[in-house]
$ cat my_file_6.cif   # mmCIF, C-alpha atoms (C1' of nucleotides)
data_input
#
loop_
_atom_site.label_atom_id
_atom_site.label_comp_id
_atom_site.auth_asym_id
_atom_site.auth_seq_id
_atom_site.Cartn_x
_atom_site.Cartn_y
_atom_site.Cartn_z
CA MET S 1 136.48 53.29 112.38
CA ILE S 2 137.28 49.87 111.04
CA ILE S 3 137.84 49.39 107.36
CA GLN S 4 136.44 46.16 106.06
CA ILE S 5 138.69 44.67 103.47
CA GLY S 6 136.90 41.45 102.87
CA TYR S 7 139.48 39.39 104.62
CA HIS S 8 137.83 37.30 107.29
CA GLU S 9 138.91 34.77 109.79
CA GLY S 10 138.83 31.40 108.16
CA MET S 11 140.26 32.52 104.86
CA GLY S 12 143.53 31.29 106.27
CA SER S 13 146.57 33.39 107.03
CA GLN S 14 149.90 33.04 105.36
CA PRO S 15 152.90 32.10 107.49
CA LEU S 16 155.16 35.10 107.99
CA PHE S 17 158.13 33.59 106.23
CA GLU S 18 156.21 32.68 103.14
CA HIS S 19 155.53 36.36 102.55
CA PRO S 20 157.93 37.52 99.83
CA ALA S 21 158.27 40.88 101.56
CA CYS S 22 159.40 39.22 104.77
CA LEU S 23 161.79 36.93 102.96
CA ILE S 24 163.38 39.91 101.25
CA THR S 25 163.69 41.80 104.50
CA GLN S 26 165.19 38.89 106.39
CA LEU S 27 167.56 38.08 103.56
CA ASP S 28 168.73 41.67 103.41
CA VAL S 29 169.52 41.70 107.11
CA HIS S 30 171.80 38.77 106.45
CA VAL S 31 173.27 40.24 103.27
CA GLN S 32 174.07 43.57 104.92
CA GLU S 33 175.69 41.85 107.86
CA GLN S 34 177.81 39.65 105.62
CA LEU S 35 178.78 42.38 103.17
CA ILE S 36 179.94 44.57 106.01
CA ALA S 37 182.02 41.72 107.37
CA GLN S 38 183.42 40.82 103.95
CA LEU S 39 184.51 44.38 103.16
CA ALA S 40 185.74 45.30 106.63
CA PRO S 41 189.28 43.98 105.98
CA LEU S 42 189.52 46.49 103.11
CA GLY S 43 188.44 49.28 105.43
CA ILE S 44 185.30 50.11 103.49
CA HIS S 45 181.55 49.86 103.95
CA PRO S 46 179.20 48.45 101.31
CA ARG S 47 178.22 52.00 100.46
CA HIS S 48 181.80 52.83 99.51
CA PHE S 49 181.73 49.81 97.26
CA GLY S 50 178.54 51.14 95.71
CA VAL S 51 180.19 54.46 94.94
CA LEU S 52 183.28 52.81 93.49
CA SER S 53 181.14 50.55 91.33
CA LEU S 54 179.11 53.40 89.90
CA LEU S 55 182.30 55.28 89.11
CA ILE S 56 183.75 52.24 87.39
CA GLU S 57 180.66 52.23 85.18
CA GLN S 58 180.80 55.96 84.57
CA ASP S 59 183.55 58.12 85.96
CA GLY S 60 183.13 61.74 86.93
CA LEU S 61 179.59 61.54 88.30
CA SER S 62 178.43 64.29 90.61
CA GLN S 63 177.70 63.52 94.25
CA HIS S 64 174.01 63.85 93.62
CA GLN S 65 174.21 61.42 90.70
CA LEU S 66 175.95 59.00 93.03
CA SER S 67 173.57 59.38 95.95
CA ALA S 68 170.28 58.92 94.11
CA PRO S 69 170.78 55.36 92.83
CA LEU S 70 172.30 54.24 96.11
CA SER S 71 169.37 55.52 98.18
CA VAL S 72 171.80 57.61 100.17
CA HIS S 73 171.04 61.16 101.17
CA ARG S 74 173.28 63.76 99.62
CA ASN S 75 174.38 64.87 103.08
CA VAL S 76 175.67 61.37 103.73
CA MET S 77 177.38 61.21 100.36
CA VAL S 78 179.58 64.13 101.45
CA GLY S 79 181.04 61.95 104.17
CA LEU S 80 181.46 58.93 101.94
CA VAL S 81 183.38 60.91 99.35
CA ASP S 82 185.38 62.53 102.15
CA ASP S 83 186.40 59.09 103.39
CA MET S 84 187.46 57.94 99.98
CA GLU S 85 189.24 61.13 99.08
CA ARG S 86 191.19 60.93 102.34
CA ARG S 87 192.32 57.44 101.37
CA GLY S 88 193.30 58.48 97.88
CA LEU S 89 190.64 56.37 96.21
CA VAL S 90 188.90 59.27 94.46
CA ASP S 91 189.26 63.01 94.13
CA ARG S 92 186.92 65.92 93.52
CA GLN S 93 187.38 67.71 90.22
CA PRO S 94 185.47 70.68 88.90
CA HIS S 95 182.40 69.44 87.08
CA PRO S 96 182.69 70.14 83.35
CA THR S 97 179.14 71.36 82.83
CA ASP S 98 177.89 72.49 86.26
CA ARG S 99 180.07 74.73 88.34
CA ARG S 100 178.04 74.03 91.47
CA ALA S 101 178.88 70.34 91.33
CA HIS S 102 181.96 68.22 91.81
CA ALA S 103 182.98 65.51 89.41
CA VAL S 104 184.04 62.59 91.59
CA ARG S 105 186.79 60.77 89.78
CA LEU S 106 188.40 57.42 90.37
CA LEU S 107 192.10 57.35 91.16
CA PRO S 108 194.24 54.29 90.45
CA ALA S 109 194.07 53.19 94.10
CA GLY S 110 190.28 53.31 93.88
CA ARG S 111 190.27 51.15 90.79
CA GLN S 112 192.51 48.65 92.52
CA LEU S 113 190.44 48.59 95.69
CA HIS S 114 187.27 48.17 93.70
CA ALA S 115 188.68 45.07 92.02
CA GLU S 116 189.56 43.56 95.39
CA ALA S 117 186.19 44.47 96.87
CA GLU S 118 184.27 43.07 93.94
CA ALA S 119 186.11 39.79 94.24
CA LEU S 120 185.06 39.55 97.88
CA VAL S 121 181.47 40.48 97.10
CA SER S 122 181.27 37.93 94.30
CA GLU S 123 182.75 35.29 96.55
CA PHE S 124 180.07 35.99 99.13
CA GLU S 125 177.33 35.91 96.51
CA ALA S 126 178.53 32.54 95.27
CA LYS S 127 178.08 31.23 98.79
CA LEU S 128 174.73 32.96 99.15
CA LEU S 129 173.38 31.24 96.04
CA GLY S 130 175.31 28.06 96.75
CA GLY S 131 172.13 26.08 97.32
CA LEU S 132 170.98 26.69 93.77
CA ASP S 133 172.34 25.16 90.60
CA ALA S 134 173.67 27.42 87.86
CA ALA S 135 170.38 27.71 85.97
CA GLU S 136 168.43 28.42 89.14
CA ALA S 137 170.90 31.07 90.21
CA ARG S 138 170.59 32.80 86.85
CA ALA S 139 166.80 32.58 87.05
CA PHE S 140 166.81 34.00 90.57
CA THR S 141 168.99 36.95 89.63
CA SER S 142 166.98 37.59 86.52
CA LEU S 143 163.68 37.55 88.41
CA LEU S 144 165.18 39.83 91.06
CA MET S 145 166.15 42.31 88.38
CA ARG S 146 162.69 42.23 86.87
CA VAL S 147 161.05 42.78 90.25
CA CYS S 148 163.35 45.73 90.91
CA GLU S 149 162.64 47.13 87.51
CA ASN S 150 158.91 46.68 88.02
CA ALA S 151 159.21 48.58 91.28
CA GLY S 152 160.73 51.47 89.36
CA LEU S 153 164.05 51.18 91.12
CA TYR S 154 166.28 51.88 88.16
CA HIS S 155 164.66 54.77 86.48
CA ASP S 156 167.19 57.17 87.87
CA ILE S 157 170.36 55.28 87.37
CA HIS S 158 170.45 53.83 83.92
CA PRO S 159 172.23 55.10 80.91
CA GLY S 160 171.40 58.69 81.60
CA LEU S 161 172.24 58.51 85.28
CA ARG S 162 170.81 61.96 85.52
CA ALA S 163 167.06 61.83 86.01
CA SER S 164 167.03 63.61 89.32
CA SER S 165 163.61 63.29 90.89
CA GLY S 166 163.60 64.74 94.36
CA GLU S 167 164.94 62.91 97.34
CA SER S 168 164.05 59.26 97.54
CA LEU S 169 164.96 57.99 100.95
CA SER S 170 164.11 55.13 103.19
CA VAL S 171 162.10 56.14 106.18
CA MET I 1 162.17 46.23 78.99
CA ILE I 2 165.74 45.07 79.05
CA ILE I 3 168.17 46.63 81.41
CA GLN I 4 171.01 48.22 79.57
CA ILE I 5 174.03 49.42 81.37
CA GLY I 6 176.71 51.10 79.42
CA TYR I 7 179.74 49.48 80.89
CA HIS I 8 182.91 48.35 79.24
CA GLU I 9 183.63 44.66 79.15
CA GLY I 10 187.12 43.48 79.63
CA MET I 11 188.09 44.23 83.19
CA GLY I 12 185.85 41.50 84.59
CA SER I 13 183.89 44.06 86.51
CA GLN I 14 180.20 43.45 87.07
CA PRO I 15 177.73 46.34 87.01
CA LEU I 16 176.58 47.20 90.51
CA PHE I 17 172.95 46.40 89.90
CA GLU I 18 173.61 43.00 88.45
CA HIS I 19 175.08 41.95 91.78
CA PRO I 20 172.41 39.88 93.54
CA ALA I 21 173.49 41.34 96.87
CA CYS I 22 172.89 44.88 95.62
CA LEU I 23 169.57 43.95 94.07
CA ILE I 24 168.44 42.49 97.38
CA THR I 25 169.56 45.54 99.30
CA GLN I 26 167.92 47.99 96.92
CA LEU I 27 164.74 45.99 96.80
CA ASP I 28 164.56 45.85 100.57
CA VAL I 29 164.89 49.62 100.83
CA HIS I 30 161.82 49.84 98.64
CA VAL I 31 159.97 47.07 100.46
CA GLN I 32 160.58 48.61 103.87
CA GLU I 33 159.45 52.00 102.68
CA GLN I 34 156.28 50.60 101.15
CA LEU I 35 155.43 48.29 104.04
CA ILE I 36 155.75 51.16 106.48
CA ALA I 37 153.46 53.25 104.31
CA GLN I 38 150.96 50.42 103.83
CA LEU I 39 150.69 49.68 107.55
CA ALA I 40 150.79 53.26 108.78
CA PRO I 41 147.00 53.70 108.50
CA LEU I 42 146.63 50.81 110.95
CA GLY I 43 149.02 52.51 113.36
CA ILE I 44 151.58 49.73 113.27
CA HIS I 45 155.09 49.17 112.00
CA PRO I 46 156.13 46.11 109.97
CA ARG I 47 157.72 44.74 113.11
CA HIS I 48 154.39 44.73 114.89
CA PHE I 49 153.01 42.81 111.95
CA GLY I 50 155.84 40.34 112.36
CA VAL I 51 154.98 39.78 115.99
CA LEU I 52 151.28 39.37 115.25
CA SER I 53 152.04 36.89 112.48
CA LEU I 54 154.25 34.75 114.66
CA LEU I 55 151.57 34.72 117.34
CA ILE I 56 148.94 33.71 114.80
CA GLU I 57 151.13 30.75 113.95
CA GLN I 58 151.81 29.91 117.56
CA ASP I 59 150.24 31.82 120.41
CA GLY I 60 151.89 32.33 123.77
CA LEU I 61 155.49 32.64 122.59
CA SER I 62 157.94 34.30 124.94
CA GLN I 63 159.45 37.64 124.02
CA HIS I 64 162.76 35.98 123.29
CA GLN I 65 161.08 33.45 121.02
CA LEU I 66 159.53 36.38 119.17
CA SER I 67 162.66 38.45 118.88
CA ALA I 68 165.02 35.81 117.53
CA PRO I 69 163.24 35.04 114.22
CA LEU I 70 162.52 38.71 113.59
CA SER I 71 166.15 39.76 114.01
CA VAL I 72 165.04 42.15 116.70
CA HIS I 73 166.97 42.60 119.91
CA ARG I 74 165.11 41.50 123.01
CA ASN I 75 165.43 45.02 124.42
CA VAL I 76 163.52 46.32 121.43
CA MET I 77 160.91 43.59 121.75
CA VAL I 78 160.00 45.00 125.15
CA GLY I 79 158.87 48.21 123.48
CA LEU I 80 157.02 46.45 120.68
CA VAL I 81 155.04 44.33 123.12
CA ASP I 82 154.44 47.42 125.25
CA ASP I 83 152.95 49.19 122.22
CA MET I 84 150.68 46.30 121.39
CA GLU I 85 149.61 45.69 124.96
CA ARG I 86 148.71 49.36 125.31
CA ARG I 87 146.48 49.02 122.26
CA GLY I 88 144.83 45.88 123.52
CA LEU I 89 146.24 43.72 120.74
CA VAL I 90 148.11 41.32 123.04
CA ASP I 91 148.67 40.78 126.73
CA ARG I 92 151.40 39.30 128.88
CA GLN I 93 150.50 36.11 130.70
CA PRO I 94 152.66 34.06 133.02
CA HIS I 95 154.61 31.58 130.92
CA PRO I 96 153.44 28.03 131.67
CA THR I 97 156.88 26.41 131.82
CA ASP I 98 159.34 29.24 132.55
CA ARG I 99 158.54 31.62 135.35
CA ARG I 100 161.15 34.12 134.14
CA ALA I 101 159.34 34.59 130.85
CA HIS I 102 156.08 36.09 129.70
CA ALA I 103 153.72 34.31 127.36
CA VAL I 104 152.62 36.93 124.86
CA ARG I 105 149.08 36.14 123.87
CA LEU I 106 146.87 37.43 121.10
CA LEU I 107 143.69 39.22 122.06
CA PRO I 108 140.70 39.40 119.70
CA ALA I 109 141.63 42.92 118.61
CA GLY I 110 145.08 41.63 117.70
CA ARG I 111 143.63 38.85 115.60
CA GLN I 112 141.41 41.32 113.81
CA LEU I 113 144.21 43.80 113.20
CA HIS I 114 146.46 41.04 111.91
CA ALA I 115 143.87 40.07 109.31
CA GLU I 116 143.61 43.65 108.10
CA ALA I 117 147.38 44.08 108.07
CA GLU I 118 147.96 40.86 106.19
CA ALA I 119 145.48 41.90 103.54
CA LEU I 120 147.40 45.13 103.04
CA VAL I 121 150.74 43.33 102.94
CA SER I 122 149.46 40.80 100.43
CA GLU I 123 148.03 43.54 98.32
CA PHE I 124 151.39 45.26 98.24
CA GLU I 125 153.17 42.01 97.40
CA ALA I 126 150.83 41.43 94.50
CA LYS I 127 151.88 44.78 93.12
CA LEU I 128 155.52 44.08 93.86
CA LEU I 129 155.43 40.87 91.83
CA GLY I 130 153.00 42.32 89.30
CA GLY I 131 155.57 42.18 86.54
CA LEU I 132 155.80 38.40 86.79
CA ASP I 133 153.26 35.85 85.69
CA ALA I 134 151.88 33.41 88.24
CA ALA I 135 154.45 30.70 87.59
CA GLU I 136 157.32 33.15 87.73
CA ALA I 137 156.04 34.63 90.97
CA ARG I 138 155.86 31.18 92.54
CA ALA I 139 159.34 30.37 91.27
CA PHE I 140 160.71 33.63 92.64
CA THR I 141 159.22 33.08 96.08
CA SER I 142 160.38 29.49 96.13
CA LEU I 143 163.93 30.43 95.17
CA LEU I 144 163.90 33.19 97.77
CA MET I 145 162.92 30.69 100.43
CA ARG I 146 165.66 28.32 99.39
CA VAL I 147 168.27 31.07 99.46
CA CYS I 148 167.11 32.08 102.92
CA GLU I 149 167.22 28.50 104.10
CA ASN I 150 170.65 28.02 102.58
CA ALA I 151 171.81 31.08 104.52
CA GLY I 152 170.58 29.41 107.70
CA LEU I 153 167.98 32.07 108.33
CA TYR I 154 165.27 30.02 109.80
CA HIS I 155 166.77 27.14 111.56
CA ASP I 156 165.22 28.39 114.76
CA ILE I 157 161.74 29.00 113.55
CA HIS I 158 160.92 26.29 111.06
CA PRO I 159 160.41 23.24 113.21
CA GLY I 160 158.34 24.82 115.91
CA LEU I 161 156.37 27.39 114.01
CA ARG I 162 155.75 25.92 110.59
CA ALA I 163 155.03 22.39 111.71
CA SER I 164 153.30 23.61 114.85
CA SER I 165 153.40 20.07 116.17
CA GLY I 166 153.44 21.27 119.72
CA GLU I 167 157.14 20.80 120.27
CA SER I 168 158.97 23.48 122.15
CA LEU I 169 161.35 25.76 120.35
CA SER I 170 165.04 25.25 120.73
CA VAL I 171 166.06 28.87 120.88
"C1'" DT P 1 176.57 30.05 135.80
"C1'" DA P 2 173.22 31.21 132.14
"C1'" DT P 3 168.89 33.22 130.65
"C1'" DT P 4 164.39 36.32 130.59
"C1'" DG P 5 162.68 40.60 130.87
"C1'" DT P 6 163.62 45.27 131.92
"C1'" DT P 7 165.75 49.82 132.34
"C1'" DA P 8 169.23 53.37 131.74
"C1'" DT P 9 172.97 55.15 129.35
"C1'" DA P 10 175.86 56.00 125.49
"C1'" DC P 11 176.50 55.84 120.91
"C1'" DT P 12 175.41 55.91 115.95
"C1'" DC P 13 172.68 57.03 112.41
"C1'" DT P 14 169.49 59.98 110.01
"C1'" DA P 15 166.57 63.93 109.21
"C1'" DT P 16 165.95 68.95 109.08
"C1'" DA P 17 167.31 73.16 108.33
"C1'" DA P 18 170.34 76.56 107.00
"C1'" DC P 19 173.96 78.63 104.14
"C1'" DT P 20 176.94 79.44 99.59
"C1'" DA P 21 177.55 79.36 95.04
"C1'" DT P 22 175.79 78.50 91.17
"C1'" DA P 23 171.87 77.28 87.55
"C1'" DT E 1 163.22 80.09 91.97
"C1'" DA E 2 165.60 75.75 92.21
"C1'" DT E 3 169.66 72.86 92.78
"C1'" DA E 4 174.73 70.99 94.38
"C1'" DG E 5 177.46 70.73 98.06
"C1'" DT E 6 178.36 71.52 102.84
"C1'" DT E 7 177.77 72.00 107.81
"C1'" DA E 8 175.46 71.98 112.32
"C1'" DT E 9 172.01 70.43 115.22
"C1'" DA E 10 168.30 67.61 116.92
"C1'" DG E 11 165.96 63.53 116.96
"C1'" DA E 12 165.40 58.65 116.11
"C1'" DG E 13 167.25 54.42 116.40
"C1'" DT E 14 170.55 50.97 118.34
"C1'" DA E 15 173.98 48.78 121.25
"C1'" DT E 16 176.00 48.02 125.90
"C1'" DA E 17 175.79 47.19 130.34
"C1'" DA E 18 173.56 46.40 134.43
"C1'" DC E 19 169.92 44.46 137.46
"C1'" DA E 20 166.38 41.10 139.59
"C1'" DA E 21 164.16 36.88 139.14
"C1'" DT E 22 164.50 32.39 137.70
"C1'" DA E 23 166.57 28.33 135.28
#

$ encode --input "my_file_6.cif" --output "structure tokens"
Amino acid sequence: MIIQIGYHEGMGSQPLFEHPACLITQLDVHVQEQLIAQLAPLGIHPRHFGVLSLLIEQDGLSQHQLSAPLSVHRNVMVGLVDDMERRGLVDRQPHPTDRRAHAVRLLPAGRQLHAEAEALVSEFEAKLLGGLDAAEARAFTSLLMRVCENAGLYHDIHPGLRASSGESLSV
Amino acid sequence: MIIQIGYHEGMGSQPLFEHPACLITQLDVHVQEQLIAQLAPLGIHPRHFGVLSLLIEQDGLSQHQLSAPLSVHRNVMVGLVDDMERRGLVDRQPHPTDRRAHAVRLLPAGRQLHAEAEALVSEFEAKLLGGLDAAEARAFTSLLMRVCENAGLYHDIHPGLRASSGESLSV
DNA sequence: TATTGTTATACTCTATAACTATA
DNA sequence: TATAGTTATAGAGTATAACAATA
């Protein structure tokens, strides 16, 4: 069965790389590639940087609270925290209010590494937006944030950082 | 709604989700997820849509010419073209100027499916940018394109595909 | 010698399910 | 009953290397 959508030949088709969705996807391929390369000298993956950044914003989060906003499955988070604990960047403390959970806490080495990593990430981002002037770059970032917000991407992670709503994963 | 992140100023550390790179990554996770869901009823993956779109713009491209702009390895392209040939969306013809290569050509069913797929993709994109007014949406897409261009993402595909002036691709 | 398409193999990543200890 | 963390296993996805035909 063919579903007629009212889109017929002759209405004109949009070039692939004028589709916002395709632009975002292509850009992310590049961003991932570059972030991995930028952070490799520090021995971490962008996901480790994500964990460190969330802990800088609010220390002592549980592994589940860390995995939800990063779109990382909780099984994978185990390994990420393992890596970072092994390197002395974080440790696992008993969670103050939930004895099932661990409070992942930043250690001084983690704070230091985060600062170095963020410098590298910011340096890359400056290059990424290097074709825009300052006002355009601000506008771009602001619009990006609004699109993300509109897509409901932050509901879990903001001030509360605790609205657990099932497992949201990429397919 | 304004995004409020309770972080402490002073250490020069930027909240994770104000980093453009992180916004792009998070947004792409969402976009991929949604595109896959949107196109699933048609039995295709976003990558198939990418191939169909490139062929709409310029029919008879070789598999290598298709794989480069889509950031897909040529080994993977074999399978994608296999899928689409099996469904009667495209076929493989002898390439007119390179006897090693195949010219992948759109069949009528492929043209039809592309129209349906593009309608679904555009519908999703309208929702994605639904929080912006028309001028903001245009600005966002335009800035996205400039960032992509600045990153060197379509040096291979612009001249041949967008202009479609009959010149061969320098891939 | 390099490139196109193809296949096979090995490797990585992710998903699923199970288990425990809590809630 | 549901959830946090953990582990093991299976499956999907990806990279590497090789090959034949052609440039």

$ resolve_selection --input "my_file_6.cif" --expression "the PyMOL selection byres ((chain P) within 10 of (chain I))" --output "ChimeraX atom specification"
/P:3-7

$ resolve_selection --input "my_file_6.cif" --expression "the PyMOL selection byres ((chain E) within 12 of (chain I))" --output "list in words"
DG13, DT14, DA15, DT16, DA20, DA21, DT22 and DA23 of chain E

$ closest_atom_pairs --input "my_file_6.cif" --of "chain S" --to "chain I" --cutoff "6 Å" --atoms "only C-alpha atoms" --output "JSON lines"
{"residue": "S:Leu16", "atom": "CA", "partner": "I:Ser53", "partner_atom": "CA", "distance": 5.8}
{"residue": "S:Pro20", "atom": "CA", "partner": "I:Thr141", "partner_atom": "CA", "distance": 6.0}
{"residue": "S:Thr25", "atom": "CA", "partner": "I:Asp28", "partner_atom": "CA", "distance": 5.7}
{"residue": "S:Asp28", "atom": "CA", "partner": "I:Thr25", "partner_atom": "CA", "distance": 5.7}
{"residue": "S:Ser53", "atom": "CA", "partner": "I:Leu16", "partner_atom": "CA", "distance": 5.7}
{"residue": "S:Glu57", "atom": "CA", "partner": "I:Tyr7", "partner_atom": "CA", "distance": 5.2}
{"residue": "S:Gly131", "atom": "CA", "partner": "I:Asn150", "partner_atom": "CA", "distance": 5.8}
{"residue": "S:Thr141", "atom": "CA", "partner": "I:Pro20", "partner_atom": "CA", "distance": 6.0}
{"residue": "S:Asn150", "atom": "CA", "partner": "I:Gly131", "partner_atom": "CA", "distance": 5.8}
{"residue": "S:Pro159", "atom": "CA", "partner": "I:Ile5", "partner_atom": "CA", "distance": 6.0}
{"residue": "S:Ser170", "atom": "CA", "partner": "I:Glu33", "partner_atom": "CA", "distance": 5.6}

$ calpha_fit_rmsd --input "my_file_6.cif" --fixed "chain S" --moving "chain I"
7.6 Å

$ axis_aligned_box --input "my_file_6.cif" --around "region 14-18 of chain P" --padding-each-side "4 Å" --output "lines of an AutoDock Vina configuration file"
center_x = 168.1
center_y = 68.3
center_z = 108.5
size_x = 12.4
size_y = 24.6
size_z = 11.0

$ residues_around --input "my_file_6.cif" --residues "DA18 (chain P)" --least-positions-apart "3" --cutoff "12 Å" --atoms "only C-alpha atoms (C1' of nucleotides)" --output "number ranges by chain"
E: 6-9

$ resolve_selection --input "my_file_6.cif" --expression "the PyMOL selection byres ((chain E and resi 3) around 9)" --output "PDB file with C-alpha atoms (C1' of nucleotides), in the coordinates of the input"
ATOM      1  CA  ARG S 100     178.040  74.030  91.470  1.00  0.00           C
TER       2      ARG S 100
ATOM      3  C1'  DT P  22     175.790  78.500  91.170  1.00  0.00           C
ATOM      4  C1'  DA P  23     171.870  77.280  87.550  1.00  0.00           C
TER       5       DA P  23
ATOM      6  C1'  DA E   2     165.600  75.750  92.210  1.00  0.00           C
ATOM      7  C1'  DA E   4     174.730  70.990  94.380  1.00  0.00           C
TER       8       DA E   4
END

$ atom_distance --input "my_file_6.cif" --atom1 "CA of Gly60 (chain I)" --atom2 "C1' of DC19 (chain E)"
25.7 Å

$ atom_distance --input "my_file_6.cif" --atom1 "CA of Gly110 (chain S)" --atom2 "CA of Gln93 (chain S)"
15.1 Å

$ atom_distance --input "my_file_6.cif" --atom1 "CA of Ala103 (chain S)" --atom2 "CA of Leu61 (chain S)"
5.3 Å

$ residues_around --input "my_file_6.cif" --residues "Arg87 (chain I)" --least-positions-apart "5" --cutoff "12 Å" --atoms "only C-alpha atoms (C1' of nucleotides)" --output "ChimeraX atom specification"
/I:42-44,48,80-82,106-110,113

$ residues_around --input "my_file_6.cif" --residues "DA15 (chain P)" --least-positions-apart "3" --cutoff "9 Å" --atoms "all atoms listed in the file" --output "number ranges by chain"
E: 10-12
